[in-house]
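Have a look at the structure below before the remarks.
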Amino acid sequence: MAFSPADFFQSVWTLNAHSNVARAWLLPPVVSHTLSASRRLSSPFLISAQYNSRRLNGDFVSSSVRSPVSTKVTNGGEKTEDHPMDTVDDNKIADGPLKLQERDFAGTPYVPVYVMLPLSVININCELVDPDGLVHQLRILKSINVDGVMVDCWWGIVEAHTPQVYNWSGYKRLFQIVHDIQLKLQVVMSFHECGGNVGDDVHIPLPEWVREIGRSNPDIFFTDKEGRRNPECLSWGIDKERVLKGRTAVEVYFDYMRSFRVEFDEFFANGIISEIEIGLGPCGELRYPSYPANHGWKYPGIGEFQCYDQYLSKSLTKAAEARGHLFWAKGPDNAGHYNSRPHETVFFCDGGEYDSYYGRFFLNWYSRVLVDHGDRVLALANLAFEGTCIAVKLSGIHWWYKTASHASELTAGFYNPCNRDGYAPISEMLQKHGAALNFTCVELRTLDQEEGFPEALADPEGLVWQVLNAAWDVSIPVASENALTCHDREGYNKILENAKPFNDPDGRHLSAFTYLRLSPVLMETHNFTEFERFVKRMHGEAVPDLACVTQPTT
């Protein structure tokens with residue numbers, strides 16, 4: 001029976017295989033080789049953590065990274081190939097962890113290091129909490145040459161009670177302290193609620209006047225298929241709807257940013273404010289709130305689509321009408337629930353409906369709403385902060401990355417299944433506005449995820465490398481931060497390897513790194529000594545105590 005090209009492509013899409021392997025198979029030989037060389041193998045952690053472990057486990061063999069082959073000629077003139085790996089004693093491979101010398105970062109590019117301030121540094125009344133204690137901690141950070149700090153400017157604090165009445169008093173005092181200690185400032189325009197997520201130790205809701213509107217019109221909030229509202233941030237469906245006391249959502253954001261720019265003009269003029277990060281969704285990240293803990297989500301659930309408020313529903317109907325298929329004007333009814341696994345659903349399973357005509361239409365629309373929201377808000381941010389660097393934060397949704405559908409990324413709005421690069425359109429949108437990309441989870445190791453949650457098929461290293469390259473391909477600055485608390489050398493070494501890729505032919509590196517976050521635990525002697533060592537290496541300085549580190553072999 002003839003095997004057509006269409007049959008070949010369909011078989012690849014439905015393989016229960018590693019996503020990036022499938023991507024490489026579908027590229028022409030030259031492109032596939034380039035992808036393998038520049039995006040996968042130029043990163044040493046991918047060689048060690050993915051290729052070696054999977055090769056030894058028999059998962060796959062990549063011809064591009066096989067050991068050297070020598071050709072011998074026997075006495076009879078017959079040629080034989082000798083693969084060095086084939087002659088290694090199996091017992092030696094399994095002897096134990098490999099010891100490798102720590103990489104020396106002396107003389108490497110200088111990557112600025114910032115530290116996030118505690119969420120509770122400004123209270124709900126916009127007052128600076130414990131200024132004397134903060135001054136003491138900031139001076140200690142300055143003593144080890146930390147470049148600056150990051151602080152959230154909470155919409156729910158500043159514009160808390162009345163539209164367009166802003167209270168910046170606590171932030172003024174904070175910024176003056178930072179100025180006096182001669183640190184830099186990264187400032188986040190935080191248009192989301194604080195509380196209910198990992199690491200949140202305070203609760204800062206959206207402004208009271210916004211919540212009052214939400215009580216009579218709950219469709220201003222993201223909504224799941226069961227009709228549950230999420231008051232963590234405003235739905236992107238009201239970006240252009242005048243439902244906020246005569247203003248659209250993007251007008252509200254712009255007025256807030258413009259007020260900040262005027263109020264803190266001196267800190268822009270003297271260069272203390274080095275960057276403004278624009279909050280674009282839950283946790284300040286450009287994503288849908290697809291995995292809310294307050295709706296029962298637990299890792300590694302796939303999450304749920306969040307497009308059931310009346311405004312996004314209207315947008316979907318309009319898109320379906322334009323396509324000529326009005327019956328597509330609905331979200332998937334077979335995509336499981338917050339804590340489902342991809343293989344348990346008809347939509348996300350291998351060969352599932354996500355890759356059908358309807359699935360591709362819906363996911364294109366869903367992800368386009370995300371990109372369009374970023375596009376609209378960043379256009380106004382550039383007007384408000386002309387001449388200042390702006391940035392956008394993306395979350396590292398690494399679970400289910402090794403499946404074909406990448407279900408948890410799809411529900412968050414990243415259309416990144418194995419047959420599509422979902423981060424390229426976002427990077428192109430950021431390039432359009434001259435914005436930097438701030439990405440999380442650079443400290444996570446794939447092997448640790450495999451040990452802790454093997455069923456999640458997570459690959460944070462593969463995800464980081466894909467996103468970094470999507471941004472670098474369009475020449476935008478890439479910064480990063482750790483997703484979880486990090487105090488150990490192993491985590492810091494992982495951050496360093498991502499910050500300054502080994503032997504990158506283009507010399508690419510992170511533009512900055514922001515550490516999560518200032519706390520009493522960080523200031524403990526052992527932890528702080530380790531952090532100081534990390535800062536020196538990020539700055540390209542020599543450290544005297546380079547040691548052998550354990551490299552896992554499985």
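In the structure tokens, the first chain shown is A, the next is B, and so on; residue numbers restart at 1 for each chain, and ligands run from 1 in the order shown.
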Which polymer residues have any atom within 7 Å of an atom of stretch 427-440 of chain A, counting only C-alpha atoms, with same-chain residues fewer than 2 positions away left out, as an mmCIF file with N, CA, C and O atoms, in the first residue's frame?
data_model
loop_
_atom_site.group_PDB
_atom_site.id
_atom_site.type_symbol
_atom_site.label_atom_id
_atom_site.label_comp_id
_atom_site.auth_asym_id
_atom_site.auth_seq_id
_atom_site.Cartn_x
_atom_site.Cartn_y
_atom_site.Cartn_z
ATOM 1 N N ASP A 375 -0.402 43.245 22.717
ATOM 2 C CA ASP A 375 -0.155 44.267 21.694
ATOM 3 C C ASP A 375 -0.812 45.587 22.071
ATOM 4 O O ASP A 375 -0.190 46.659 21.998
ATOM 5 N N LEU A 378 0.843 47.120 25.463
ATOM 6 C CA LEU A 378 2.231 47.571 25.270
ATOM 7 C C LEU A 378 2.301 48.825 24.400
ATOM 8 O O LEU A 378 3.188 49.676 24.593
ATOM 9 N N ALA A 379 1.378 48.966 23.448
ATOM 10 C CA ALA A 379 1.355 50.188 22.646
ATOM 11 C C ALA A 379 1.145 51.410 23.542
ATOM 12 O O ALA A 379 1.798 52.447 23.377
ATOM 13 N N CYS A 389 12.996 51.277 29.248
ATOM 14 C CA CYS A 389 12.840 49.870 28.891
ATOM 15 C C CYS A 389 11.562 49.310 29.507
ATOM 16 O O CYS A 389 11.292 49.519 30.688
ATOM 17 N N ILE A 390 10.791 48.596 28.706
ATOM 18 C CA ILE A 390 9.611 47.907 29.230
ATOM 19 C C ILE A 390 9.804 46.412 29.013
ATOM 20 O O ILE A 390 10.538 45.977 28.114
ATOM 21 N N ALA A 391 9.150 45.628 29.851
ATOM 22 C CA ALA A 391 9.311 44.180 29.785
ATOM 23 C C ALA A 391 7.974 43.496 30.040
ATOM 24 O O ALA A 391 7.053 44.083 30.607
ATOM 25 N N VAL A 392 7.901 42.239 29.629
ATOM 26 C CA VAL A 392 6.716 41.404 29.826
ATOM 27 C C VAL A 392 7.166 40.073 30.403
ATOM 28 O O VAL A 392 8.174 39.511 29.972
ATOM 29 N N LYS A 393 6.415 39.570 31.370
ATOM 30 C CA LYS A 393 6.756 38.313 32.018
ATOM 31 C C LYS A 393 5.917 37.168 31.460
ATOM 32 O O LYS A 393 4.701 37.285 31.336
ATOM 33 N N LEU A 394 6.601 36.073 31.099
ATOM 34 C CA LEU A 394 5.938 34.842 30.670
ATOM 35 C C LEU A 394 6.187 33.761 31.711
ATOM 36 O O LEU A 394 7.293 33.652 32.245
ATOM 37 N N SER A 395 5.179 32.954 31.960
ATOM 38 C CA SER A 395 5.339 31.872 32.934
ATOM 39 C C SER A 395 5.909 30.634 32.251
ATOM 40 O O SER A 395 5.670 30.395 31.072
ATOM 41 N N GLY A 396 6.654 29.859 33.012
ATOM 42 C CA GLY A 396 7.243 28.627 32.492
ATOM 43 C C GLY A 396 6.343 27.434 32.774
ATOM 44 O O GLY A 396 6.482 26.769 33.794
ATOM 45 N N TYR A 423 5.701 30.211 20.853
ATOM 46 C CA TYR A 423 6.323 31.378 21.476
ATOM 47 C C TYR A 423 6.869 32.375 20.451
ATOM 48 O O TYR A 423 7.195 33.505 20.803
ATOM 49 N N ALA A 424 6.948 31.962 19.185
ATOM 50 C CA ALA A 424 7.408 32.876 18.139
ATOM 51 C C ALA A 424 6.459 34.059 17.949
ATOM 52 O O ALA A 424 6.909 35.213 17.877
ATOM 53 N N PRO A 425 5.121 33.860 17.874
ATOM 54 C CA PRO A 425 4.226 35.017 17.707
ATOM 55 C C PRO A 425 4.309 35.994 18.883
ATOM 56 O O PRO A 425 4.195 37.207 18.689
ATOM 57 N N VAL A 442 14.106 29.190 35.316
ATOM 58 C CA VAL A 442 15.447 28.893 34.819
ATOM 59 C C VAL A 442 16.277 28.065 35.783
ATOM 60 O O VAL A 442 17.349 27.587 35.429
ATOM 61 N N ALA A 470 13.377 31.549 20.881
ATOM 62 C CA ALA A 470 12.324 32.278 20.168
ATOM 63 C C ALA A 470 12.531 33.779 20.306
ATOM 64 O O ALA A 470 12.327 34.543 19.355
ATOM 65 N N ALA A 471 12.947 34.216 21.494
ATOM 66 C CA ALA A 471 13.204 35.640 21.725
ATOM 67 C C ALA A 471 14.495 36.089 21.060
ATOM 68 O O ALA A 471 14.545 37.137 20.408
ATOM 69 N N VAL A 474 14.509 36.904 17.312
ATOM 70 C CA VAL A 474 14.024 38.206 16.854
ATOM 71 C C VAL A 474 14.758 39.345 17.561
ATOM 72 O O VAL A 474 14.333 40.497 17.525
ATOM 73 N N ILE A 476 15.379 40.294 20.721
ATOM 74 C CA ILE A 476 14.879 41.083 21.850
ATOM 75 C C ILE A 476 15.618 40.655 23.111
ATOM 76 O O ILE A 476 16.058 39.509 23.232
ATOM 77 N N PRO A 477 15.791 41.568 24.072
ATOM 78 C CA PRO A 477 16.470 41.207 25.319
ATOM 79 C C PRO A 477 15.665 40.165 26.078
ATOM 80 O O PRO A 477 14.428 40.192 26.092
ATOM 81 N N VAL A 478 16.369 39.252 26.723
ATOM 82 C CA VAL A 478 15.728 38.209 27.522
ATOM 83 C C VAL A 478 16.270 38.277 28.944
ATOM 84 O O VAL A 478 17.479 38.159 29.164
ATOM 85 N N ALA A 479 15.384 38.490 29.885
ATOM 86 C CA ALA A 479 15.734 38.440 31.300
ATOM 87 C C ALA A 479 15.041 37.231 31.916
ATOM 88 O O ALA A 479 14.241 36.563 31.262
ATOM 89 N N SER A 480 15.344 36.953 33.169
ATOM 90 C CA SER A 480 14.701 35.798 33.779
ATOM 91 C C SER A 480 14.662 35.937 35.289
ATOM 92 O O SER A 480 15.272 36.843 35.864
ATOM 93 N N GLU A 481 13.920 35.010 35.892
ATOM 94 C CA GLU A 481 13.835 34.934 37.343
ATOM 95 C C GLU A 481 13.558 33.488 37.722
ATOM 96 O O GLU A 481 13.107 32.686 36.897
ATOM 97 N N ASN A 482 13.864 33.131 38.959
ATOM 98 C CA ASN A 482 13.569 31.787 39.418
ATOM 99 C C ASN A 482 12.082 31.674 39.760
ATOM 100 O O ASN A 482 11.467 32.618 40.248
ATOM 101 N N ALA A 483 11.517 30.501 39.509
ATOM 102 C CA ALA A 483 10.094 30.282 39.769
ATOM 103 C C ALA A 483 9.835 29.931 41.220
ATOM 104 O O ALA A 483 8.794 30.265 41.771
#
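Candidate residues A:Ser190, A:Thr162, A:Ser519, A:Thr388 were compared for distance to A:Arg261, and the nearest is A:Thr388, using only C-alpha atoms.
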- Find the residues near A:Tyr358: any atom within 10 Å, counting only C-alpha atoms, skip ones fewer than 5 places away on the same chain, and give them as a PyMOL selection string. chain A and resi 320+325+327-329+331-332+353+363-364
- Message: Could you tell me how far atom CA of A:Gln176 sits from atom CA of A:Val146, in Å to one decimal place?
- Response: 17.5 Å
- May I have the residues within 8 Å of A:Gly148 as a list in words, using only C-alpha atoms and disregarding those fewer than 2 positions away in the same chain? Val113, Tyr114, Val115, Val146, Met150, Leu183, Lys184, Leu185 and Gln186 of chain A
Write out as a tab-separated table (two decimals) with all heavy atoms, in the first residue's frame all residues of stretch 293-394 of chain A that DSSP puts in strand (DSSP E or B) for this structure's backbone.
chain	number	residue	atom	x	y	z
A	389	CYS	N	13.00	51.28	29.25
A	389	CYS	CA	12.84	49.87	28.89
A	389	CYS	C	11.56	49.31	29.51
A	389	CYS	O	11.29	49.52	30.69
A	389	CYS	CB	14.04	49.06	29.39
A	389	CYS	SG	15.59	49.50	28.61
A	390	ILE	N	10.79	48.60	28.71
A	390	ILE	CA	9.61	47.91	29.23
A	390	ILE	C	9.80	46.41	29.01
A	390	ILE	O	10.54	45.98	28.11
A	390	ILE	CB	8.30	48.39	28.58
A	390	ILE	CG1	8.29	48.13	27.08
A	390	ILE	CG2	8.07	49.86	28.88
A	390	ILE	CD1	6.95	48.43	26.42
A	391	ALA	N	9.15	45.63	29.85
A	391	ALA	CA	9.31	44.18	29.79
A	391	ALA	C	7.97	43.50	30.04
A	391	ALA	O	7.05	44.08	30.61
A	391	ALA	CB	10.35	43.71	30.81
A	392	VAL	N	7.90	42.24	29.63
A	392	VAL	CA	6.72	41.40	29.83
A	392	VAL	C	7.17	40.07	30.40
A	392	VAL	O	8.17	39.51	29.97
A	392	VAL	CB	5.97	41.18	28.50
A	392	VAL	CG1	4.92	40.08	28.63
A	392	VAL	CG2	5.32	42.48	28.03
A	393	LYS	N	6.42	39.57	31.37
A	393	LYS	CA	6.76	38.31	32.02
A	393	LYS	C	5.92	37.17	31.46
A	393	LYS	O	4.70	37.28	31.34
A	393	LYS	CB	6.53	38.44	33.53
A	393	LYS	CG	6.89	37.21	34.33
A	393	LYS	CD	6.67	37.51	35.81
A	393	LYS	CE	6.86	36.29	36.68
A	393	LYS	NZ	6.60	36.59	38.11
A	394	LEU	N	6.60	36.07	31.10
A	394	LEU	CA	5.94	34.84	30.67
A	394	LEU	C	6.19	33.76	31.71
A	394	LEU	O	7.29	33.65	32.25
A	394	LEU	CB	6.49	34.35	29.33
A	394	LEU	CG	6.03	35.03	28.04
A	394	LEU	CD1	6.55	34.24	26.84
A	394	LEU	CD2	4.53	35.15	27.96
Select from stretch 208-324 of chain A everything DSSP, run on the backbone, classes as alpha helix (DSSP H), then give the selection as a short mmCIF file (atom, residue, chain, number, x, y, z; two decimals) with N, CA and C atoms, in the first residue's frame.
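Done, and the output landed in part_2.cif:
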data_model
loop_
_atom_site.label_atom_id
_atom_site.label_comp_id
_atom_site.auth_asym_id
_atom_site.auth_seq_id
_atom_site.Cartn_x
_atom_site.Cartn_y
_atom_site.Cartn_z
N GLU A 208 -11.41 48.30 45.07
CA GLU A 208 -12.77 48.09 45.57
C GLU A 208 -13.81 48.53 44.55
N TRP A 209 -13.56 49.63 43.84
CA TRP A 209 -14.55 50.12 42.88
C TRP A 209 -14.68 49.16 41.69
N VAL A 210 -13.59 48.43 41.36
CA VAL A 210 -13.64 47.42 40.30
C VAL A 210 -14.43 46.21 40.78
N ARG A 211 -14.19 45.78 42.01
CA ARG A 211 -14.92 44.63 42.55
C ARG A 211 -16.41 44.94 42.67
N GLU A 212 -16.74 46.20 42.95
CA GLU A 212 -18.15 46.60 43.00
C GLU A 212 -18.81 46.45 41.64
N ILE A 213 -18.10 46.84 40.59
CA ILE A 213 -18.63 46.64 39.23
C ILE A 213 -18.80 45.15 38.95
N GLY A 214 -17.83 44.36 39.43
CA GLY A 214 -17.87 42.92 39.20
C GLY A 214 -19.04 42.23 39.87
N ARG A 215 -19.51 42.80 40.97
CA ARG A 215 -20.65 42.19 41.65
C ARG A 215 -21.92 42.30 40.82
N SER A 216 -22.04 43.36 40.05
CA SER A 216 -23.23 43.52 39.20
C SER A 216 -22.98 43.01 37.78
N ALA A 249 -10.84 48.81 29.73
CA ALA A 249 -9.77 48.28 30.58
C ALA A 249 -8.41 48.86 30.18
N VAL A 250 -8.13 48.93 28.88
CA VAL A 250 -6.82 49.45 28.47
C VAL A 250 -6.69 50.94 28.79
N GLU A 251 -7.79 51.68 28.78
CA GLU A 251 -7.73 53.09 29.19
C GLU A 251 -7.43 53.21 30.68
N VAL A 252 -8.00 52.30 31.48
CA VAL A 252 -7.72 52.29 32.91
C VAL A 252 -6.24 52.01 33.15
N TYR A 253 -5.69 51.03 32.44
CA TYR A 253 -4.27 50.70 32.59
C TYR A 253 -3.39 51.89 32.17
N PHE A 254 -3.76 52.53 31.06
CA PHE A 254 -2.96 53.65 30.58
C PHE A 254 -2.98 54.82 31.56
N ASP A 255 -4.15 55.16 32.09
CA ASP A 255 -4.24 56.26 33.04
C ASP A 255 -3.38 55.99 34.27
N TYR A 256 -3.36 54.75 34.73
CA TYR A 256 -2.55 54.36 35.89
C TYR A 256 -1.06 54.51 35.57
N MET A 257 -0.64 54.01 34.41
CA MET A 257 0.77 54.10 34.02
C MET A 257 1.20 55.55 33.83
N ARG A 258 0.33 56.35 33.23
CA ARG A 258 0.67 57.76 33.02
C ARG A 258 0.80 58.49 34.34
N SER A 259 -0.08 58.20 35.30
CA SER A 259 0.02 58.81 36.62
C SER A 259 1.34 58.44 37.29
N PHE A 260 1.74 57.19 37.18
CA PHE A 260 3.01 56.75 37.75
C PHE A 260 4.18 57.50 37.12
N ARG A 261 4.13 57.62 35.79
CA ARG A 261 5.24 58.28 35.07
C ARG A 261 5.39 59.73 35.51
N VAL A 262 4.29 60.42 35.70
CA VAL A 262 4.34 61.83 36.12
C VAL A 262 4.79 61.93 37.58
N GLU A 263 4.26 61.07 38.43
CA GLU A 263 4.53 61.13 39.87
C GLU A 263 6.00 60.86 40.18
N ASP A 265 8.72 61.19 38.06
CA ASP A 265 9.54 61.71 36.97
C ASP A 265 11.02 61.80 37.35
N GLU A 266 11.31 62.24 38.59
CA GLU A 266 12.72 62.43 38.98
C GLU A 266 13.48 61.11 38.98
N PHE A 267 12.81 60.01 39.28
CA PHE A 267 13.49 58.72 39.32
C PHE A 267 13.72 58.15 37.92
N PHE A 268 12.92 58.60 36.96
CA PHE A 268 13.21 58.29 35.57
C PHE A 268 14.37 59.14 35.08
N ALA A 269 14.34 60.41 35.44
CA ALA A 269 15.37 61.34 34.96
C ALA A 269 16.76 60.97 35.46
N GLN A 310 -19.08 36.74 28.85
CA GLN A 310 -19.88 37.13 27.67
C GLN A 310 -19.05 37.86 26.62
N TYR A 311 -18.00 38.54 27.03
CA TYR A 311 -17.22 39.35 26.08
C TYR A 311 -16.30 38.47 25.23
N LEU A 312 -15.62 37.51 25.85
CA LEU A 312 -14.80 36.59 25.06
C LEU A 312 -15.68 35.65 24.25
N SER A 313 -16.84 35.28 24.80
CA SER A 313 -17.76 34.44 24.03
C SER A 313 -18.23 35.16 22.77
N LYS A 314 -18.47 36.44 22.90
CA LYS A 314 -18.88 37.24 21.73
C LYS A 314 -17.75 37.30 20.69
N SER A 315 -16.52 37.42 21.18
CA SER A 315 -15.37 37.44 20.27
C SER A 315 -15.23 36.11 19.54
N LEU A 316 -15.44 35.00 20.25
CA LEU A 316 -15.34 33.69 19.62
C LEU A 316 -16.44 33.51 18.57
N THR A 317 -17.64 33.97 18.88
CA THR A 317 -18.74 33.87 17.92
C THR A 317 -18.43 34.66 16.65
N LYS A 318 -17.88 35.84 16.83
CA LYS A 318 -17.52 36.67 15.67
C LYS A 318 -16.46 35.98 14.81
N ALA A 319 -15.48 35.34 15.45
CA ALA A 319 -14.43 34.64 14.70
C ALA A 319 -15.01 33.44 13.96
N ALA A 320 -15.95 32.72 14.59
CA ALA A 320 -16.56 31.55 13.94
C ALA A 320 -17.40 31.98 12.75
N GLU A 321 -18.12 33.07 12.90
CA GLU A 321 -18.92 33.60 11.78
C GLU A 321 -18.02 33.99 10.62
N ALA A 322 -16.89 34.64 10.94
CA ALA A 322 -15.97 35.05 9.87
C ALA A 322 -15.39 33.84 9.16
N ARG A 323 -15.23 32.75 9.87
CA ARG A 323 -14.69 31.52 9.28
C ARG A 323 -15.77 30.76 8.50
#
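Residue nearest A:Asp333, chosen from A:Ile124, A:Val346, A:Ala542, A:Ala499 and counting only C-alpha atoms: A:Val346.
The gap separating atom CA of A:Phe221 from atom CA of A:Gly301 is 21.9 Å, in Å to one decimal.
Among the candidates A:Leu119, A:Met538, A:Leu546, A:Val243, the one nearest to A:Asp201 when counting only C-alpha atoms is A:Leu119.
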- Query: If we count only C-alpha atoms, what is near A:Val369 at a cut-off of 9 Å, once residues fewer than 2 positions away on the same chain are taken out, given as a ChimeraX atom specification?
  - Reply: /A:236-237,312,315,364-367,371-374,413
I'd like the contact shell of stretch 130-132 of chain A - 12 Å cut-off, only C-alpha atoms, skipping same-chain residues fewer than 5 positions apart - returned as a PDB file with N, CA, C and O atoms, in the first residue's frame.
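Final output, out.pdb:
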ATOM      1  N   PRO A 118       9.947  41.976  49.379  1.00  0.00           N
ATOM      2  CA  PRO A 118       8.811  41.213  49.914  1.00  0.00           C
ATOM      3  C   PRO A 118       7.477  41.791  49.444  1.00  0.00           C
ATOM      4  O   PRO A 118       7.334  43.005  49.246  1.00  0.00           O
ATOM      5  N   SER A 120       4.972  42.195  51.126  1.00  0.00           N
ATOM      6  CA  SER A 120       4.384  42.998  52.208  1.00  0.00           C
ATOM      7  C   SER A 120       5.134  44.294  52.473  1.00  0.00           C
ATOM      8  O   SER A 120       4.885  44.951  53.476  1.00  0.00           O
ATOM      9  N   VAL A 121       6.055  44.687  51.576  1.00  0.00           N
ATOM     10  CA  VAL A 121       6.867  45.879  51.837  1.00  0.00           C
ATOM     11  C   VAL A 121       6.002  47.144  51.901  1.00  0.00           C
ATOM     12  O   VAL A 121       6.308  48.089  52.633  1.00  0.00           O
ATOM     13  N   ILE A 122       4.896  47.169  51.144  1.00  0.00           N
ATOM     14  CA  ILE A 122       3.917  48.262  51.183  1.00  0.00           C
ATOM     15  C   ILE A 122       2.588  47.659  51.631  1.00  0.00           C
ATOM     16  O   ILE A 122       2.128  46.667  51.049  1.00  0.00           O
ATOM     17  N   ASN A 123       1.962  48.234  52.648  1.00  0.00           N
ATOM     18  CA  ASN A 123       0.707  47.652  53.126  1.00  0.00           C
ATOM     19  C   ASN A 123      -0.495  48.174  52.335  1.00  0.00           C
ATOM     20  O   ASN A 123      -0.353  48.996  51.424  1.00  0.00           O
ATOM     21  N   GLN A 137      18.590  45.796  55.253  1.00  0.00           N
ATOM     22  CA  GLN A 137      18.705  44.709  54.286  1.00  0.00           C
ATOM     23  C   GLN A 137      19.226  45.203  52.940  1.00  0.00           C
ATOM     24  O   GLN A 137      20.057  44.542  52.303  1.00  0.00           O
ATOM     25  N   LEU A 138      18.768  46.373  52.511  1.00  0.00           N
ATOM     26  CA  LEU A 138      19.222  46.909  51.221  1.00  0.00           C
ATOM     27  C   LEU A 138      20.700  47.257  51.253  1.00  0.00           C
ATOM     28  O   LEU A 138      21.418  47.087  50.255  1.00  0.00           O
ATOM     29  N   ARG A 139      21.176  47.733  52.382  1.00  0.00           N
ATOM     30  CA  ARG A 139      22.607  48.031  52.491  1.00  0.00           C
ATOM     31  C   ARG A 139      23.449  46.759  52.407  1.00  0.00           C
ATOM     32  O   ARG A 139      24.544  46.760  51.836  1.00  0.00           O
ATOM     33  N   GLY A 170       3.418  55.598  49.864  1.00  0.00           N
ATOM     34  CA  GLY A 170       4.379  54.605  50.350  1.00  0.00           C
ATOM     35  C   GLY A 170       5.473  54.314  49.346  1.00  0.00           C
ATOM     36  O   GLY A 170       6.637  54.103  49.726  1.00  0.00           O
ATOM     37  N   TYR A 171       5.113  54.306  48.084  1.00  0.00           N
ATOM     38  CA  TYR A 171       6.109  54.041  47.042  1.00  0.00           C
ATOM     39  C   TYR A 171       7.109  55.196  46.928  1.00  0.00           C
ATOM     40  O   TYR A 171       8.293  54.967  46.644  1.00  0.00           O
ATOM     41  N   ARG A 173       8.269  57.012  49.370  1.00  0.00           N
ATOM     42  CA  ARG A 173       9.251  56.839  50.436  1.00  0.00           C
ATOM     43  C   ARG A 173      10.189  55.672  50.116  1.00  0.00           C
ATOM     44  O   ARG A 173      11.407  55.760  50.333  1.00  0.00           O
ATOM     45  N   LEU A 174       9.639  54.589  49.594  1.00  0.00           N
ATOM     46  CA  LEU A 174      10.461  53.435  49.232  1.00  0.00           C
ATOM     47  C   LEU A 174      11.475  53.794  48.152  1.00  0.00           C
ATOM     48  O   LEU A 174      12.670  53.450  48.258  1.00  0.00           O
ATOM     49  N   PHE A 175      11.025  54.474  47.122  1.00  0.00           N
ATOM     50  CA  PHE A 175      11.917  54.805  46.013  1.00  0.00           C
ATOM     51  C   PHE A 175      13.041  55.727  46.471  1.00  0.00           C
ATOM     52  O   PHE A 175      14.172  55.630  45.990  1.00  0.00           O
ATOM     53  N   GLN A 176      12.750  56.621  47.389  1.00  0.00           N
ATOM     54  CA  GLN A 176      13.790  57.517  47.892  1.00  0.00           C
ATOM     55  C   GLN A 176      14.862  56.738  48.658  1.00  0.00           C
ATOM     56  O   GLN A 176      16.061  57.033  48.537  1.00  0.00           O
ATOM     57  N   ILE A 177      14.441  55.742  49.430  1.00  0.00           N
ATOM     58  CA  ILE A 177      15.410  54.897  50.142  1.00  0.00           C
ATOM     59  C   ILE A 177      16.305  54.164  49.148  1.00  0.00           C
ATOM     60  O   ILE A 177      17.538  54.111  49.309  1.00  0.00           O
ATOM     61  N   VAL A 178      15.698  53.581  48.117  1.00  0.00           N
ATOM     62  CA  VAL A 178      16.478  52.871  47.099  1.00  0.00           C
ATOM     63  C   VAL A 178      17.458  53.821  46.420  1.00  0.00           C
ATOM     64  O   VAL A 178      18.626  53.480  46.173  1.00  0.00           O
TER      65      VAL A 178
END
- Item | Spatial neighbours of stretch 337-340 of chain A, max dist 7 Å, only C-alpha atoms, sep filter under 4 positions, as a ChimeraX atom specification | /A:291,297-298,301-304,344
Got time to write the residues from that selection, N, CA, C and O atoms, as a compact mmCIF listing (two decimals), in the first residue's frame?
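Done, and the output landed in part.txt:
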# COMPACT_ATOMS: atom_id res chain seq x y z
N TYR A 291 -4.89 27.79 35.65
CA TYR A 291 -4.67 26.82 36.73
C TYR A 291 -4.77 27.47 38.11
O TYR A 291 -3.83 27.49 38.89
N TRP A 297 -7.34 23.55 41.38
CA TRP A 297 -6.24 23.00 40.57
C TRP A 297 -5.08 22.58 41.45
O TRP A 297 -4.74 23.25 42.43
N LYS A 298 -4.46 21.46 41.08
CA LYS A 298 -3.24 20.99 41.73
C LYS A 298 -2.29 20.48 40.66
O LYS A 298 -2.71 19.89 39.66
N GLY A 301 -2.10 19.16 37.02
CA GLY A 301 -3.32 19.21 36.22
C GLY A 301 -3.16 20.06 34.97
O GLY A 301 -2.36 21.01 34.94
N ILE A 302 -3.93 19.75 33.93
CA ILE A 302 -3.79 20.45 32.65
C ILE A 302 -4.44 21.83 32.66
O ILE A 302 -4.17 22.64 31.77
N GLY A 303 -5.28 22.11 33.66
CA GLY A 303 -5.98 23.40 33.68
C GLY A 303 -7.20 23.40 32.77
O GLY A 303 -7.52 22.40 32.12
N GLU A 304 -7.86 24.55 32.72
CA GLU A 304 -9.05 24.68 31.88
C GLU A 304 -8.99 25.98 31.08
O GLU A 304 -8.38 26.96 31.50
N GLU A 344 -6.41 11.46 29.37
CA GLU A 344 -7.76 11.18 29.86
C GLU A 344 -8.83 11.96 29.09
O GLU A 344 -10.01 11.79 29.35
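If you look at atom CA of A:Pro109 and atom CA of A:His539, they are 6.9 Å away from each other.
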- Counting only C-alpha atoms, the residue among A:Val521, A:Leu117, A:Cys307, A:Leu234 that lies closest to A:Thr411 is A:Cys307
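Considering only C-alpha atoms, the residue among A:Leu444, A:Ala404, A:Ala384, A:Leu370 positioned nearest to A:Phe348 is A:Ala404.
Across A:Tyr401, A:Arg508, A:Arg489, A:Glu241, the tightest approach to A:Asp545 is made by A:Arg489 when counting only C-alpha atoms.
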